[in-house]
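First up is the structure itself, then whatever we jot down about it.
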Amino acid sequence: MPGGCRDHRFGTGGRAFEWRGVSMITLDTKLLRPHLGDDDIAHEMPHAIEALRSILRRECVQADMLGWLDLPGTGTREIGAIADTAKRIQDENDCLVVIGIGGSYLGARAAIEALPDSARFPVHFAGNNLSPEYHERLLATLSGKRFTLCVISKSGTTTEPAVAFRILKAKLIEAFGSDHINNRIIVITDPSAGALRSIAGTEGYMVFPIPPGVGGRFSVLSAVGLVPCAVAGISIREMLRGAEAALGRYSKPLAENDALRYAVIRNLLHRRRCAVEVLSTFHPELTYLCEWWKQLAGESEGKKGKGLYPASAVMTTDLHSLGQYLQEGARIMLETFLVATEPRRDIAVPPDTDDLDNLNYLAGRPMSEINRKAFEGTVDAHASGGLPVLSIEVPVINVEAIGSLFVFFEMSIAVSGLMLGINPFDQPGVEEYKRRMFNLLGKPGVE
Ligand code: PA5
């Protein structure tokens, strides 16, 4: 077998299957066996099932923040209004600027970057940092363009998007005049509270509400993610279809539920020795899905001195930077591979008569095969280096798979957080930097 791993111990997608017509995620845990046995997982599973039941009965800690469970269904009701707005924005503009940070940013960006074939309408992001250079470059990019702002903030008071909104609104006024900007501003915020809500009411901006029981990092399937995705050109109907199928599948209080198995594995390995989980992908277009996952896991679980620190790696790029550490560094990590079985498109390696680079053994072979072998070889290498490794695999990266992955991870991390004994739905630690920053900036009323 030229150029490949001889031992295909990891699944090559043969187990991928459909559920209600939607291709589903498979969790491959074979190579975990030196670290965790099936009996370890079975022994811990009742705790995961109990945590899931407490979520489904809406009896867990902070059960008022379980509104994300309803989004695949309620999102469907909003589709018409969102689709009409998206069409108008596409017809009247050259691009959209999405202003938001954290949960009001990462989900939309994750989907848009993952689906470049669908997301063809240009979307820019602002307010996700306080870099003047970044925003100055964005202003330069917008010069001479017709654009609309989509301002997203659940609280309506977050500094980064508020500052960016002021700057970009001034740019809108400069470009179109103050009497002609209202139909170029869309607000996504709490239905009744917060500064952004009152600004929108006073100015008459179009508003899409974020349901009160939906926290930022669980909000991607609300207007927060759906509006930017729809404008970009992604079928939000298909995304919700994937999400709904996943919700049905991962709501089952059964030991075979892969969202529960993933939660159990994370908890057991964390208890034994792992401090870090690295989510590694071989698809650069999933870089922001990893970023979204990092927020979901980090803000949900990093409490009371507990929780796996969520990190990510994008291969094969990071094999040439982090690969050494993953292979031989401190054995404090669990590595979870997030991969697709099939490519969406392919390129063959061209033949070369001289073969001066000795690459003709790859001539005619698709790049996807080389990438796949890199994945299989890496899994094998890192497992042989003593890392606990598992893989989460989708048949192909498409819009339904992205919708499914959002729900798979939300359900799993919620269960995992409850198993850890923390509240996965709050983020008290995020406030500390804000208080100190406001103090340094002299914000009135802050000590
Ligand atoms: O998950 C969360 O709750 C946070 O990451 C928020 O999404 C983030 O802080 C932005 O908050 P807001 O939407 O209120 O501007």
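Ordering of the structure tokens sets the chain letters (A, B, ...), residue numbers begin anew at 1 in every chain, and ligands are numbered from 1 in the order given.
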Exercise: Ala311 of chain A partners within 7 Å, only C-alpha atoms, chain neighbours under 2 positions left out, as a VMD selection string | chain A and resid 276 to 279 294 309
Among the residues of segment 103-326 of chain A, find those DSSP assigns to alpha helix (DSSP H) from the backbone and print them as a ChimeraX atom specification.
-> /A:106-114,132-142,159-176,195-203,223-232,236-250,258-272,287-301,323-326
Residues within 8 Å of ligand 1, counting only C-alpha atoms and all ligand atoms, as a count of residues only | 26
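The spacing separating atom CA of Lys169 of chain A from atom CA of Phe125 of chain A amounts to 14.3 Å.
Near Leu322 of chain A, within a cut-off of 12 Å and counting only C-alpha atoms, sit the residues Val278, Ser280, Ala311, Ser312, Ala313, Val314, Met315, Thr316, Thr317, Asp318, Leu326, Gln327, Glu328, Gly329 and His382 of chain A, with same-chain residues fewer than 4 positions away left out.
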Include C-alpha atoms and write out the residues we just selected as a PDB file, in the first residue's frame.
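out.pdb written:
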```
ATOM      1  CA  VAL A 278      -6.941  19.495  22.040  1.00  0.00           C
ATOM      2  CA  SER A 280      -7.527  18.704  16.137  1.00  0.00           C
ATOM      3  CA  ALA A 311      -7.225  24.039  22.903  1.00  0.00           C
ATOM      4  CA  SER A 312      -7.237  23.380  19.167  1.00  0.00           C
ATOM      5  CA  ALA A 313      -4.900  22.464  16.350  1.00  0.00           C
ATOM      6  CA  VAL A 314      -5.393  22.769  12.604  1.00  0.00           C
ATOM      7  CA  MET A 315      -3.520  20.107  10.714  1.00  0.00           C
ATOM      8  CA  THR A 316      -1.406  19.517   8.901  1.00  0.00           C
ATOM      9  CA  THR A 317      -0.187  23.100   9.537  1.00  0.00           C
ATOM     10  CA  ASP A 318       0.128  22.602  13.282  1.00  0.00           C
ATOM     11  CA  LEU A 326       1.601  16.426  21.057  1.00  0.00           C
ATOM     12  CA  GLN A 327       3.939  13.533  20.319  1.00  0.00           C
ATOM     13  CA  GLU A 328       6.407  13.859  23.181  1.00  0.00           C
ATOM     14  CA  GLY A 329       5.459  16.712  25.537  1.00  0.00           C
ATOM     15  CA  HIS A 382      -0.021  10.345  18.869  1.00  0.00           C
TER      16      HIS A 382
END
```
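Pairwise distance (atom CA of Pro253 of chain A, atom CA of Leu334 of chain A) equals 25.1 Å.
Between atom CA of Phe176 of chain A and atom CA of Arg146 of chain A lies a distance of 8.8 Å.
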Considering only strand (DSSP E or B) as DSSP defines it on the backbone, what residues of segment 372-436 of chain A qualify? List them as an mmCIF file with N, CA and C atoms, in the first residue's frame.
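Done, and the output landed in selection-v8.cif:
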```
data_model
loop_
_atom_site.group_PDB
_atom_site.id
_atom_site.type_symbol
_atom_site.label_atom_id
_atom_site.label_comp_id
_atom_site.auth_asym_id
_atom_site.auth_seq_id
_atom_site.Cartn_x
_atom_site.Cartn_y
_atom_site.Cartn_z
ATOM 1 N N VAL A 389 -6.538 9.294 22.436
ATOM 2 C CA VAL A 389 -7.095 9.937 21.229
ATOM 3 C C VAL A 389 -8.445 9.319 20.894
ATOM 4 N N LEU A 390 -9.332 10.166 20.396
ATOM 5 C CA LEU A 390 -10.614 9.692 19.873
ATOM 6 C C LEU A 390 -10.956 10.550 18.676
ATOM 7 N N SER A 391 -11.947 10.126 17.892
ATOM 8 C CA SER A 391 -12.312 10.970 16.753
ATOM 9 C C SER A 391 -13.815 11.148 16.663
ATOM 10 N N ILE A 392 -14.169 12.347 16.203
ATOM 11 C CA ILE A 392 -15.557 12.685 15.903
ATOM 12 C C ILE A 392 -15.570 12.893 14.390
ATOM 13 N N GLU A 393 -16.379 12.106 13.697
ATOM 14 C CA GLU A 393 -16.288 12.120 12.238
ATOM 15 C C GLU A 393 -17.653 12.366 11.617
ATOM 16 N N VAL A 394 -17.692 13.265 10.620
ATOM 17 C CA VAL A 394 -18.912 13.455 9.828
ATOM 18 C C VAL A 394 -18.621 12.948 8.422
#
```
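Restricting the calculation to only C-alpha atoms, the smallest distance between Met65 of chain A and any of A:Pro46, A:Pro211, A:Gly233, A:Gly302 is found for A:Pro211.
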Close residues, segment 199-210 of chain A itself excluded, 9 Å, only C-alpha atoms, min 2 positions apart in chain, as a ChimeraX atom specification = /A:82,153-154,182-192,194-197,212-215,219,222-224,227
Which one is closest to Met411 of chain A: A:Val163, A:Ile41, A:Ala119, A:Leu260? Count only C-alpha atoms.
-> A:Leu260
